[in-house]
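This is start_5.pdb. It holds PDB, C-alpha atoms.
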```pdb
ATOM      1  CA  MET A  30     -16.011 -34.041  -6.140
ATOM      2  CA  VAL A  31     -14.210 -36.222  -3.657
ATOM      3  CA  ALA A  32     -17.030 -35.650  -1.172
ATOM      4  CA  LEU A  33     -19.497 -36.819  -3.807
ATOM      5  CA  ALA A  34     -17.525 -39.999  -4.434
ATOM      6  CA  LEU A  35     -17.367 -40.729  -0.705
ATOM      7  CA  ALA A  36     -21.079 -40.074  -0.277
ATOM      8  CA  GLY A  37     -21.777 -42.365  -3.221
ATOM      9  CA  LEU A  38     -19.660 -45.109  -1.661
ATOM     10  CA  VAL A  39     -21.498 -44.831   1.643
ATOM     11  CA  ALA A  40     -24.842 -44.884  -0.181
ATOM     12  CA  LEU A  41     -23.803 -47.984  -2.133
ATOM     13  CA  ALA A  42     -22.659 -49.755   1.017
ATOM     14  CA  THR A  43     -25.928 -48.843   2.731
ATOM     15  CA  LEU A  44     -27.917 -50.237  -0.184
ATOM     16  CA  LEU A  45     -25.944 -53.492  -0.108
ATOM     17  CA  GLY A  46     -26.551 -53.764   3.625
ATOM     18  CA  MET A  47     -30.287 -53.252   3.262
ATOM     19  CA  LEU A  48     -30.525 -55.801   0.453
ATOM     20  CA  TRP A  49     -28.644 -58.314   2.539
ATOM     21  CA  ARG A  50     -30.839 -57.707   5.564
ATOM     22  CA  ALA A  51     -33.964 -58.182   3.505
ATOM     23  CA  SER A  52     -32.736 -61.544   2.230
ATOM     24  CA  GLN A  53     -32.023 -62.967   5.676
ATOM     25  CA  GLY A  54     -34.473 -65.288   7.366
ATOM     26  CA  ARG A  55     -36.708 -65.649   4.302
ATOM     27  CA  VAL A  56     -38.336 -68.952   3.546
ATOM     28  CA  ARG A  57     -37.525 -70.490   0.201
ATOM     29  CA  LEU A  58     -38.893 -73.564  -1.485
ATOM     30  CA  ALA A  59     -36.602 -76.537  -1.532
ATOM     31  CA  ALA A  60     -36.804 -80.153  -2.604
ATOM     32  CA  GLY A  61     -35.047 -83.333  -1.658
ATOM     33  CA  ALA A  62     -34.705 -85.576   1.333
ATOM     34  CA  VAL A  63     -32.085 -85.749   4.038
ATOM     35  CA  THR A  64     -30.599 -88.961   5.393
ATOM     36  CA  GLY A  65     -28.137 -89.641   8.163
ATOM     37  CA  VAL A  66     -29.863 -87.362  10.650
ATOM     38  CA  GLU A  67     -31.979 -88.386  13.593
ATOM     39  CA  LEU A  68     -35.441 -87.079  12.757
ATOM     40  CA  GLY A  69     -38.166 -85.688  14.978
ATOM     41  CA  GLY A  70     -41.543 -87.426  15.207
ATOM     42  CA  ARG A  71     -43.368 -84.663  13.367
ATOM     43  CA  ALA A  72     -40.653 -82.361  12.007
ATOM     44  CA  THR A  73     -36.954 -81.635  12.193
ATOM     45  CA  LEU A  74     -35.264 -78.255  12.256
ATOM     46  CA  LEU A  75     -31.949 -79.065  10.607
ATOM     47  CA  GLN A  76     -29.448 -76.255  11.100
ATOM     48  CA  LEU A  77     -26.338 -76.297   8.938
ATOM     49  CA  SER A  78     -23.591 -74.336  10.675
ATOM     50  CA  THR A  79     -19.883 -73.727  10.550
ATOM     51  CA  GLU A  80     -17.534 -73.405  13.464
ATOM     52  CA  VAL A  81     -16.852 -69.727  12.830
ATOM     53  CA  CYS A  82     -20.361 -68.359  12.503
ATOM     54  CA  ALA A  83     -21.715 -65.584  14.667
ATOM     55  CA  PRO A  84     -25.376 -65.771  13.540
ATOM     56  CA  CYS A  85     -25.434 -69.561  14.044
ATOM     57  CA  ARG A  86     -25.453 -69.203  17.820
ATOM     58  CA  ALA A  87     -28.508 -66.964  17.868
ATOM     59  CA  THR A  88     -30.288 -69.240  15.385
ATOM     60  CA  ALA A  89     -29.481 -72.304  17.498
ATOM     61  CA  ARG A  90     -31.165 -70.601  20.425
ATOM     62  CA  VAL A  91     -34.306 -69.750  18.470
ATOM     63  CA  LEU A  92     -34.586 -73.231  16.953
ATOM     64  CA  GLY A  93     -33.838 -74.876  20.270
ATOM     65  CA  ALA A  94     -36.638 -72.899  21.872
ATOM     66  CA  LEU A  95     -39.030 -74.128  19.168
ATOM     67  CA  SER A  96     -38.149 -77.784  19.636
ATOM     68  CA  THR A  97     -40.673 -80.015  21.382
ATOM     69  CA  HIS A  98     -41.193 -83.719  21.989
ATOM     70  CA  ASP A  99     -41.953 -84.233  18.288
ATOM     71  CA  VAL A 100     -40.043 -81.360  16.686
ATOM     72  CA  ARG A 101     -36.327 -81.921  16.863
ATOM     73  CA  HIS A 102     -33.585 -79.335  16.486
ATOM     74  CA  VAL A 103     -30.436 -80.810  14.964
ATOM     75  CA  GLU A 104     -27.332 -78.710  14.374
ATOM     76  CA  VAL A 105     -24.752 -80.075  11.943
ATOM     77  CA  ASP A 106     -21.275 -78.741  11.215
ATOM     78  CA  ILE A 107     -21.124 -78.674   7.425
ATOM     79  CA  ALA A 108     -17.514 -79.773   7.533
ATOM     80  CA  HIS A 109     -18.878 -83.186   8.566
ATOM     81  CA  ARG A 110     -21.576 -83.301   5.900
ATOM     82  CA  PRO A 111     -20.154 -82.037   2.589
ATOM     83  CA  ASP A 112     -22.842 -84.103   0.843
ATOM     84  CA  LEU A 113     -25.575 -81.860   2.239
ATOM     85  CA  VAL A 114     -23.604 -78.769   1.315
ATOM     86  CA  ASP A 115     -23.264 -79.879  -2.294
ATOM     87  CA  ARG A 116     -26.794 -81.209  -2.659
ATOM     88  CA  PHE A 117     -28.433 -78.100  -1.284
ATOM     89  CA  ASN A 118     -25.810 -75.670  -2.549
ATOM     90  CA  VAL A 119     -25.277 -74.119   0.860
ATOM     91  CA  LEU A 120     -23.864 -70.629   0.394
ATOM     92  CA  GLN A 121     -24.292 -69.176   3.835
ATOM     93  CA  THR A 122     -24.463 -70.288   7.406
ATOM     94  CA  PRO A 123     -26.702 -70.780   9.133
ATOM     95  CA  THR A 124     -28.895 -72.462   6.557
ATOM     96  CA  THR A 125     -31.936 -74.113   8.098
ATOM     97  CA  LEU A 126     -33.848 -76.918   6.426
ATOM     98  CA  ILE A 127     -37.270 -77.745   7.798
ATOM     99  CA  LEU A 128     -37.881 -81.466   7.324
ATOM    100  CA  ASP A 129     -41.037 -83.501   7.749
ATOM    101  CA  ARG A 130     -41.149 -86.799   9.629
ATOM    102  CA  ASP A 131     -39.638 -88.668   6.653
ATOM    103  CA  GLY A 132     -36.739 -86.293   6.204
ATOM    104  CA  VAL A 133     -38.235 -84.594   3.153
ATOM    105  CA  VAL A 134     -37.306 -80.928   2.915
ATOM    106  CA  ARG A 135     -40.350 -78.690   3.188
ATOM    107  CA  ALA A 136     -38.690 -75.286   3.476
ATOM    108  CA  ARG A 137     -35.298 -73.652   3.550
ATOM    109  CA  ILE A 138     -34.189 -70.512   5.370
ATOM    110  CA  GLY A 139     -30.893 -68.758   4.743
ATOM    111  CA  GLY A 140     -29.285 -66.600   7.423
ATOM    112  CA  ALA A 141     -30.378 -65.915  10.976
ATOM    113  CA  VAL A 142     -33.928 -67.174  11.490
ATOM    114  CA  ARG A 143     -36.922 -65.356  12.879
ATOM    115  CA  ARG A 144     -39.012 -67.244  15.348
ATOM    116  CA  ASP A 145     -42.383 -66.288  13.896
ATOM    117  CA  VAL A 146     -41.333 -67.324  10.393
ATOM    118  CA  VAL A 147     -40.097 -70.746  11.544
ATOM    119  CA  ALA A 148     -43.180 -71.294  13.712
ATOM    120  CA  ALA A 149     -45.434 -70.529  10.732
ATOM    121  CA  GLU A 150     -43.580 -73.045   8.546
ATOM    122  CA  LEU A 151     -43.764 -75.677  11.253
ATOM    123  CA  GLU A 152     -47.560 -75.304  11.284
ATOM    124  CA  LYS A 153     -47.582 -76.338   7.632
ATOM    125  CA  VAL A 154     -45.650 -79.542   8.227
ATOM    126  CA  ALA A 155     -48.187 -82.299   8.951
TER     127      ALA A 155
ATOM    128  CA  MET B  19     -21.070 -77.486  18.138
ATOM    129  CA  ILE B  20     -18.380 -75.216  19.467
ATOM    130  CA  GLN B  21     -19.781 -73.020  22.227
ATOM    131  CA  ARG B  22     -17.134 -70.681  23.508
ATOM    132  CA  PRO B  23     -18.648 -67.212  23.450
ATOM    133  CA  GLY B  24     -16.529 -64.687  25.222
ATOM    134  CA  ILE B  25     -16.645 -61.100  24.062
ATOM    135  CA  ASP B  26     -19.061 -58.202  24.058
ATOM    136  CA  PRO B  27     -20.326 -58.130  20.456
ATOM    137  CA  ARG B  28     -20.384 -54.344  20.470
ATOM    138  CA  GLY B  29     -16.577 -54.225  20.705
ATOM    139  CA  PRO B  30     -15.897 -55.485  17.162
ATOM    140  CA  ARG B  31     -18.798 -53.407  15.823
ATOM    141  CA  PHE B  32     -17.215 -50.321  17.410
ATOM    142  CA  SER B  33     -13.809 -51.176  15.948
ATOM    143  CA  ALA B  34     -15.365 -51.769  12.540
ATOM    144  CA  GLY B  35     -17.013 -48.352  12.742
ATOM    145  CA  ILE B  36     -13.715 -46.616  13.490
ATOM    146  CA  THR B  37     -12.073 -48.631  10.703
ATOM    147  CA  ALA B  38     -14.802 -47.595   8.257
ATOM    148  CA  VAL B  39     -14.212 -43.909   9.038
ATOM    149  CA  VAL B  40     -10.428 -44.277   8.723
ATOM    150  CA  LEU B  41     -10.831 -46.006   5.356
ATOM    151  CA  LEU B  42     -13.145 -43.255   4.104
ATOM    152  CA  VAL B  43     -10.411 -40.769   4.992
ATOM    153  CA  VAL B  44      -7.864 -42.909   3.115
ATOM    154  CA  ILE B  45     -10.086 -42.933   0.024
ATOM    155  CA  GLY B  46     -10.703 -39.201   0.323
ATOM    156  CA  LEU B  47      -6.983 -38.475   0.599
ATOM    157  CA  ALA B  48      -6.138 -40.780  -2.313
ATOM    158  CA  LEU B  49      -8.808 -39.337  -4.601
ATOM    159  CA  GLY B  50      -7.848 -35.840  -3.523
ATOM    160  CA  GLY B  51      -4.273 -36.326  -4.667
ATOM    161  CA  LEU B  52      -2.684 -36.560  -1.203
ATOM    162  CA  THR B  53      -1.338 -39.959  -2.100
ATOM    163  CA  PHE B  54       1.500 -40.071   0.404
ATOM    164  CA  ALA B  55      -0.780 -39.313   3.343
ATOM    165  CA  ALA B  56      -3.286 -41.870   2.075
ATOM    166  CA  THR B  57      -0.589 -44.518   1.825
ATOM    167  CA  ILE B  58       0.692 -43.892   5.331
ATOM    168  CA  LEU B  59      -2.794 -43.946   6.847
ATOM    169  CA  PHE B  60      -3.701 -47.116   4.926
ATOM    170  CA  ALA B  61      -0.499 -48.761   6.131
ATOM    171  CA  LEU B  62      -1.315 -47.780   9.721
ATOM    172  CA  GLN B  63      -4.776 -49.305   9.328
ATOM    173  CA  GLY B  64      -3.062 -52.428   8.010
ATOM    174  CA  LEU B  65      -0.941 -52.522  11.137
ATOM    175  CA  VAL B  66      -4.073 -52.310  13.279
ATOM    176  CA  PHE B  67      -5.602 -55.172  11.240
ATOM    177  CA  ALA B  68      -2.450 -57.194  11.875
ATOM    178  CA  ILE B  69      -2.683 -56.669  15.637
ATOM    179  CA  GLY B  70      -6.330 -57.706  15.592
ATOM    180  CA  ALA B  71      -5.669 -60.729  13.415
ATOM    181  CA  PHE B  72      -2.659 -62.101  15.287
ATOM    182  CA  ALA B  73      -3.172 -60.932  18.848
ATOM    183  CA  GLY B  74      -6.941 -61.355  18.716
ATOM    184  CA  VAL B  75      -9.708 -58.781  18.743
ATOM    185  CA  GLN B  76      -9.422 -58.294  22.479
ATOM    186  CA  ARG B  77      -5.980 -56.753  22.002
ATOM    187  CA  HIS B  78      -7.100 -54.706  19.028
ATOM    188  CA  PRO B  79      -6.386 -51.013  19.726
ATOM    189  CA  CYS B  80     -10.024 -50.057  19.149
ATOM    190  CA  GLY B  81     -11.120 -53.017  21.220
ATOM    191  CA  ILE B  82      -9.052 -51.700  24.095
ATOM    192  CA  VAL B  83     -10.509 -48.214  23.694
ATOM    193  CA  PHE B  84     -13.978 -49.761  23.710
ATOM    194  CA  LYS B  85     -13.267 -51.770  26.827
ATOM    195  CA  ARG B  86     -11.805 -48.862  28.796
ATOM    196  CA  LEU B  87     -13.805 -45.869  27.644
ATOM    197  CA  VAL B  88     -17.040 -46.924  25.976
ATOM    198  CA  ARG B  89     -18.176 -50.126  27.580
ATOM    199  CA  PRO B  90     -18.309 -48.852  31.176
ATOM    200  CA  ARG B  91     -20.921 -46.370  29.989
ATOM    201  CA  LEU B  92     -23.123 -49.040  28.453
ATOM    202  CA  LYS B  93     -25.465 -51.595  29.973
ATOM    203  CA  PRO B  94     -24.058 -55.137  29.963
ATOM    204  CA  PRO B  95     -24.530 -56.954  26.649
ATOM    205  CA  LEU B  96     -27.513 -59.265  26.234
ATOM    206  CA  GLU B  97     -25.205 -62.020  25.066
ATOM    207  CA  LEU B  98     -21.540 -62.630  24.301
ATOM    208  CA  GLU B  99     -20.079 -63.765  21.013
ATOM    209  CA  ASP B 100     -17.268 -65.977  19.777
ATOM    210  CA  PRO B 101     -14.180 -63.828  19.109
ATOM    211  CA  ARG B 102     -13.045 -65.980  16.189
ATOM    212  CA  PRO B 103     -15.189 -64.540  13.383
ATOM    213  CA  PRO B 104     -14.143 -60.922  14.017
ATOM    214  CA  THR B 105     -10.505 -62.039  14.386
ATOM    215  CA  PHE B 106     -10.730 -63.833  11.046
ATOM    216  CA  ALA B 107     -12.271 -60.700   9.525
ATOM    217  CA  GLN B 108      -9.255 -58.687  10.705
ATOM    218  CA  GLY B 109      -7.086 -61.126   8.780
ATOM    219  CA  VAL B 110      -9.149 -60.517   5.661
ATOM    220  CA  GLY B 111      -8.761 -56.771   6.171
ATOM    221  CA  LEU B 112      -5.019 -57.236   6.523
ATOM    222  CA  LEU B 113      -4.858 -59.224   3.291
ATOM    223  CA  VAL B 114      -6.811 -56.598   1.345
ATOM    224  CA  THR B 115      -4.581 -53.855   2.758
ATOM    225  CA  VAL B 116      -1.354 -55.661   1.924
ATOM    226  CA  VAL B 117      -2.506 -56.425  -1.622
ATOM    227  CA  GLY B 118      -3.712 -52.854  -2.080
ATOM    228  CA  LEU B 119      -0.443 -51.362  -0.865
ATOM    229  CA  ALA B 120       1.607 -53.780  -2.974
ATOM    230  CA  LEU B 121      -0.338 -52.972  -6.137
ATOM    231  CA  HIS B 122      -0.101 -49.284  -5.345
ATOM    232  CA  LEU B 123       3.676 -49.444  -4.882
ATOM    233  CA  LEU B 124       3.891 -51.323  -8.165
ATOM    234  CA  GLY B 125       2.202 -48.349  -9.769
ATOM    235  CA  VAL B 126      -1.232 -49.813 -10.463
ATOM    236  CA  PRO B 127      -3.515 -46.790 -10.786
ATOM    237  CA  LEU B 128      -6.341 -46.446  -8.238
ATOM    238  CA  ALA B 129      -5.157 -49.562  -6.396
ATOM    239  CA  LEU B 130      -5.201 -47.665  -3.122
ATOM    240  CA  PRO B 131      -8.717 -46.210  -3.218
ATOM    241  CA  ILE B 132     -10.169 -49.427  -4.643
ATOM    242  CA  ALA B 133      -8.626 -51.649  -1.986
ATOM    243  CA  ALA B 134      -9.617 -49.172   0.722
ATOM    244  CA  ALA B 135     -13.167 -49.058  -0.705
ATOM    245  CA  ALA B 136     -13.443 -52.846  -0.581
ATOM    246  CA  ALA B 137     -12.264 -52.890   3.028
ATOM    247  CA  PHE B 138     -14.581 -49.966   3.797
ATOM    248  CA  VAL B 139     -17.653 -51.818   2.516
ATOM    249  CA  ALA B 140     -16.814 -54.832   4.681
ATOM    250  CA  ALA B 141     -16.165 -52.715   7.784
ATOM    251  CA  PHE B 142     -19.304 -50.632   7.196
ATOM    252  CA  LEU B 143     -21.541 -53.664   6.666
ATOM    253  CA  ASN B 144     -20.177 -55.208   9.830
ATOM    254  CA  SER B 145     -20.527 -52.109  11.955
ATOM    255  CA  VAL B 146     -23.964 -50.973  10.757
ATOM    256  CA  PHE B 147     -25.682 -54.183   9.611
ATOM    257  CA  ASP B 148     -23.861 -56.765  11.728
ATOM    258  CA  TYR B 149     -22.841 -58.600   8.569
ATOM    259  CA  CYS B 150     -20.072 -61.086   9.271
ATOM    260  CA  LEU B 151     -17.816 -61.238   6.205
ATOM    261  CA  GLY B 152     -15.395 -63.462   8.114
ATOM    262  CA  CYS B 153     -18.194 -65.987   8.630
ATOM    263  CA  GLN B 154     -19.111 -65.953   4.950
ATOM    264  CA  LEU B 155     -15.530 -66.456   3.801
ATOM    265  CA  TYR B 156     -14.983 -69.190   6.369
ATOM    266  CA  LEU B 157     -17.927 -71.081   4.903
ATOM    267  CA  LEU B 158     -16.721 -70.694   1.332
ATOM    268  CA  LEU B 159     -13.227 -71.823   2.288
ATOM    269  CA  THR B 160     -14.677 -74.831   4.135
ATOM    270  CA  ARG B 161     -16.748 -75.694   1.087
ATOM    271  CA  ALA B 162     -13.661 -75.530  -1.071
ATOM    272  CA  ARG B 163     -12.096 -77.977   1.418
ATOM    273  CA  LEU B 164      -9.353 -75.496   2.183
ATOM    274  CA  ILE B 165     -10.242 -75.472   5.865
ATOM    275  CA  ARG B 166     -10.871 -78.450   8.086
ATOM    276  CA  SER B 167     -12.986 -78.269  11.199
ATOM    277  CA  THR B 168     -10.833 -78.556  14.350
TER     278      THR B 168
END
```
Translate this file's structure into structure tokens.
Amino acid sequence: MVALALAGLVALATLLGMLWRASQGRVRLAAGAVTGVELGGRATLLQLSTEVCAPCRATARVLGALSTHDVRHVEVDIAHRPDLVDRFNVLQTPTTLILDRDGVVRARIGGAVRRDVVAAELEKVA
Amino acid sequence: MIQRPGIDPRGPRFSAGITAVVLLVVIGLALGGLTFAATILFALQGLVFAIGAFAGVQRHPCGIVFKRLVRPRLKPPLELEDPRPPTFAQGVGLLVTVVGLALHLLGVPLALPIAAAAAFVAAFLNSVFDYCLGCQLYLLLTRARLIRST
């Protein structure tokens, strides 16, 4: 009986972990425009991070590697931009907003990003 | 942004794994009626959380075991990580343990296995899925303006 309860707990925890994993790095639709950030000529990869955030470092590396002369990677500590946090209802860090040249949000990715997913979204931005 | 990585990320994952197993034992003992043993073991785990939270993960007992016994057998890590999120997570574990023990001593039924189960899920998710509960809570506390960036 006790063994069953323990097995059930482990199974539940495993399920939660798998659901969480599946939700990370997915692109979601988003609307709105961002101001107060220096934009790239074609697109901006705006990464919203906190100071204590293990996945933010890896994401910064991936986004940095994708930046070019006209695609800019900008990392912002959300403690400095509570307006962005409220407007976009940021619930996890990193949260990445892909902006076009006018600062309009074209896509949003929660959690650690995957390079291929970001690259594909960047193709779609003019 | 703050860039002070310093520790092998497998250390905290290893500690979280050991913690998860210990907490499963606590739950098993509590559900099996061996309440005194469960309480003692849970309190010991709380003590370990306290060491990790206040002395830092590097001085965590499991962290030390990892450094001396496990790490020399592994290839060097691909990258290092900031020790602050796992240290913060130890603090969360400590809080859950203290609350669980307090409620248990006050006679709240199932307080012990429930608190241990909550801590287990966090430790398990961290060890197996690399989920950083400390990071998540830090964000929510920052949003609630309870924490200021240093």
Query raised in the report: Using the chain letters and numbers from the file, which residues does the PyMOL selection byres ((chain A and resi 85) around 10) grab, as number ranges by chain?
Result: A: 76-84, 86-91, 104, 122-125, 140-142; B: 19, 153
**Report entry** Contacts of Arg55 in chain A at 12 Å (all atoms listed in the file; same-chain gap of 4+ positions) as a PyMOL selection string
**Finding:** chain A and resi 49-51+124-126+136-147+149-150
Report task. With a cut-off of 8 Å and counting only C-alpha atoms, select all residues of chain B in contact with chain A and give the selection as JSON, numbers by chain. Result -> {"B": [19, 20, 42, 45, 46, 49, 50, 99, 100, 102, 103, 135, 139, 142, 143, 147, 149, 150, 152, 153, 154, 156, 157, 158, 160, 161, 166, 167]}
Report task. Write out as a PyMOL selection string the residues lying within 9 Å of range 112-119 of chain B, counting only C-alpha atoms and excluding same-chain residues fewer than 5 positions away. Result -> chain B and resi 57+60-61+63-68+71+107+124+129-134+136-137
Deliver the residues from the most recent selection as a file, using C-alpha atoms, as a PDB file, in the frame of the given file.
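Below you can see selection_20.pdb, which holds the result:
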```pdb
ATOM      1  CA  THR B  57      -0.589 -44.518   1.825  1.00  0.00           C
ATOM      2  CA  PHE B  60      -3.701 -47.116   4.926  1.00  0.00           C
ATOM      3  CA  ALA B  61      -0.499 -48.761   6.131  1.00  0.00           C
ATOM      4  CA  GLN B  63      -4.776 -49.305   9.328  1.00  0.00           C
ATOM      5  CA  GLY B  64      -3.062 -52.428   8.010  1.00  0.00           C
ATOM      6  CA  LEU B  65      -0.941 -52.522  11.137  1.00  0.00           C
ATOM      7  CA  VAL B  66      -4.073 -52.310  13.279  1.00  0.00           C
ATOM      8  CA  PHE B  67      -5.602 -55.172  11.240  1.00  0.00           C
ATOM      9  CA  ALA B  68      -2.450 -57.194  11.875  1.00  0.00           C
ATOM     10  CA  ALA B  71      -5.669 -60.729  13.415  1.00  0.00           C
ATOM     11  CA  ALA B 107     -12.271 -60.700   9.525  1.00  0.00           C
ATOM     12  CA  LEU B 124       3.891 -51.323  -8.165  1.00  0.00           C
ATOM     13  CA  ALA B 129      -5.157 -49.562  -6.396  1.00  0.00           C
ATOM     14  CA  LEU B 130      -5.201 -47.665  -3.122  1.00  0.00           C
ATOM     15  CA  PRO B 131      -8.717 -46.210  -3.218  1.00  0.00           C
ATOM     16  CA  ILE B 132     -10.169 -49.427  -4.643  1.00  0.00           C
ATOM     17  CA  ALA B 133      -8.626 -51.649  -1.986  1.00  0.00           C
ATOM     18  CA  ALA B 134      -9.617 -49.172   0.722  1.00  0.00           C
ATOM     19  CA  ALA B 136     -13.443 -52.846  -0.581  1.00  0.00           C
ATOM     20  CA  ALA B 137     -12.264 -52.890   3.028  1.00  0.00           C
TER      21      ALA B 137
END
```
Query raised in the report: Which residue gives the smallest distance to Phe117 in chain A among A:Lys153, A:Val134, A:Glu67, A:Leu95, with all atoms listed in the file counted?
Result: A:Val134
Report summary line: Judged by all atoms listed in the file, the minimum distance to Arg28 in chain B among B:Phe84, B:Phe106, B:Phe138, B:Phe72 is found for B:Phe84
Report task. Could you list the residues chosen by the PyMOL selection byres ((chain B and resi 32) around 12) in this structure as a ChimeraX atom specification? Result -> /B:26-31,33-39,75,78-85,87-89,104,141-142,144-146,148
Residues of the last selection are to be written out with C-alpha atoms, as a PDB file, in the coordinates of the input.
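Okay, this is what ended up in result-v2.pdb:
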```
ATOM      1  CA  ASP B  26     -19.061 -58.202  24.058  1.00  0.00           C
ATOM      2  CA  PRO B  27     -20.326 -58.130  20.456  1.00  0.00           C
ATOM      3  CA  ARG B  28     -20.384 -54.344  20.470  1.00  0.00           C
ATOM      4  CA  GLY B  29     -16.577 -54.225  20.705  1.00  0.00           C
ATOM      5  CA  PRO B  30     -15.897 -55.485  17.162  1.00  0.00           C
ATOM      6  CA  ARG B  31     -18.798 -53.407  15.823  1.00  0.00           C
ATOM      7  CA  SER B  33     -13.809 -51.176  15.948  1.00  0.00           C
ATOM      8  CA  ALA B  34     -15.365 -51.769  12.540  1.00  0.00           C
ATOM      9  CA  GLY B  35     -17.013 -48.352  12.742  1.00  0.00           C
ATOM     10  CA  ILE B  36     -13.715 -46.616  13.490  1.00  0.00           C
ATOM     11  CA  THR B  37     -12.073 -48.631  10.703  1.00  0.00           C
ATOM     12  CA  ALA B  38     -14.802 -47.595   8.257  1.00  0.00           C
ATOM     13  CA  VAL B  39     -14.212 -43.909   9.038  1.00  0.00           C
ATOM     14  CA  VAL B  75      -9.708 -58.781  18.743  1.00  0.00           C
ATOM     15  CA  HIS B  78      -7.100 -54.706  19.028  1.00  0.00           C
ATOM     16  CA  PRO B  79      -6.386 -51.013  19.726  1.00  0.00           C
ATOM     17  CA  CYS B  80     -10.024 -50.057  19.149  1.00  0.00           C
ATOM     18  CA  GLY B  81     -11.120 -53.017  21.220  1.00  0.00           C
ATOM     19  CA  ILE B  82      -9.052 -51.700  24.095  1.00  0.00           C
ATOM     20  CA  VAL B  83     -10.509 -48.214  23.694  1.00  0.00           C
ATOM     21  CA  PHE B  84     -13.978 -49.761  23.710  1.00  0.00           C
ATOM     22  CA  LYS B  85     -13.267 -51.770  26.827  1.00  0.00           C
ATOM     23  CA  LEU B  87     -13.805 -45.869  27.644  1.00  0.00           C
ATOM     24  CA  VAL B  88     -17.040 -46.924  25.976  1.00  0.00           C
ATOM     25  CA  ARG B  89     -18.176 -50.126  27.580  1.00  0.00           C
ATOM     26  CA  PRO B 104     -14.143 -60.922  14.017  1.00  0.00           C
ATOM     27  CA  ALA B 141     -16.165 -52.715   7.784  1.00  0.00           C
ATOM     28  CA  PHE B 142     -19.304 -50.632   7.196  1.00  0.00           C
ATOM     29  CA  ASN B 144     -20.177 -55.208   9.830  1.00  0.00           C
ATOM     30  CA  SER B 145     -20.527 -52.109  11.955  1.00  0.00           C
ATOM     31  CA  VAL B 146     -23.964 -50.973  10.757  1.00  0.00           C
ATOM     32  CA  ASP B 148     -23.861 -56.765  11.728  1.00  0.00           C
TER      33      ASP B 148
END
```
Report task. Would you work out the distance separating CA of Lys93 in chain B from CA of Leu41 in chain B, expressed in Å to one decimal? Result ->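 Computing the Euclidean distance for CA of Lys93 in chain B and CA of Leu41 in chain B yields 29.2 Å.
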Query raised in the report: Hey, can you check how far CA of Gly74 in chain B sits from CA of Gly109 in chain B?
Result: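 CA of Gly109 in chain B lies 9.9 Å from CA of Gly74 in chain B.
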Requested in this report: Record the distance separating CA of Ala56 in chain B and CA of Val110 in chain B, expressed in Å with one decimal.
Outcome: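 A separation of 19.9 Å between them.
Residue neighbourhood of Arg135 in chain A, excluding near-sequence residues (fewer than 6 positions): Leu58, Ala59, Ala60, Leu126, Ile127, Leu128, Asp129 and Val154 of chain A, at 8 Å, using all atoms listed in the file.
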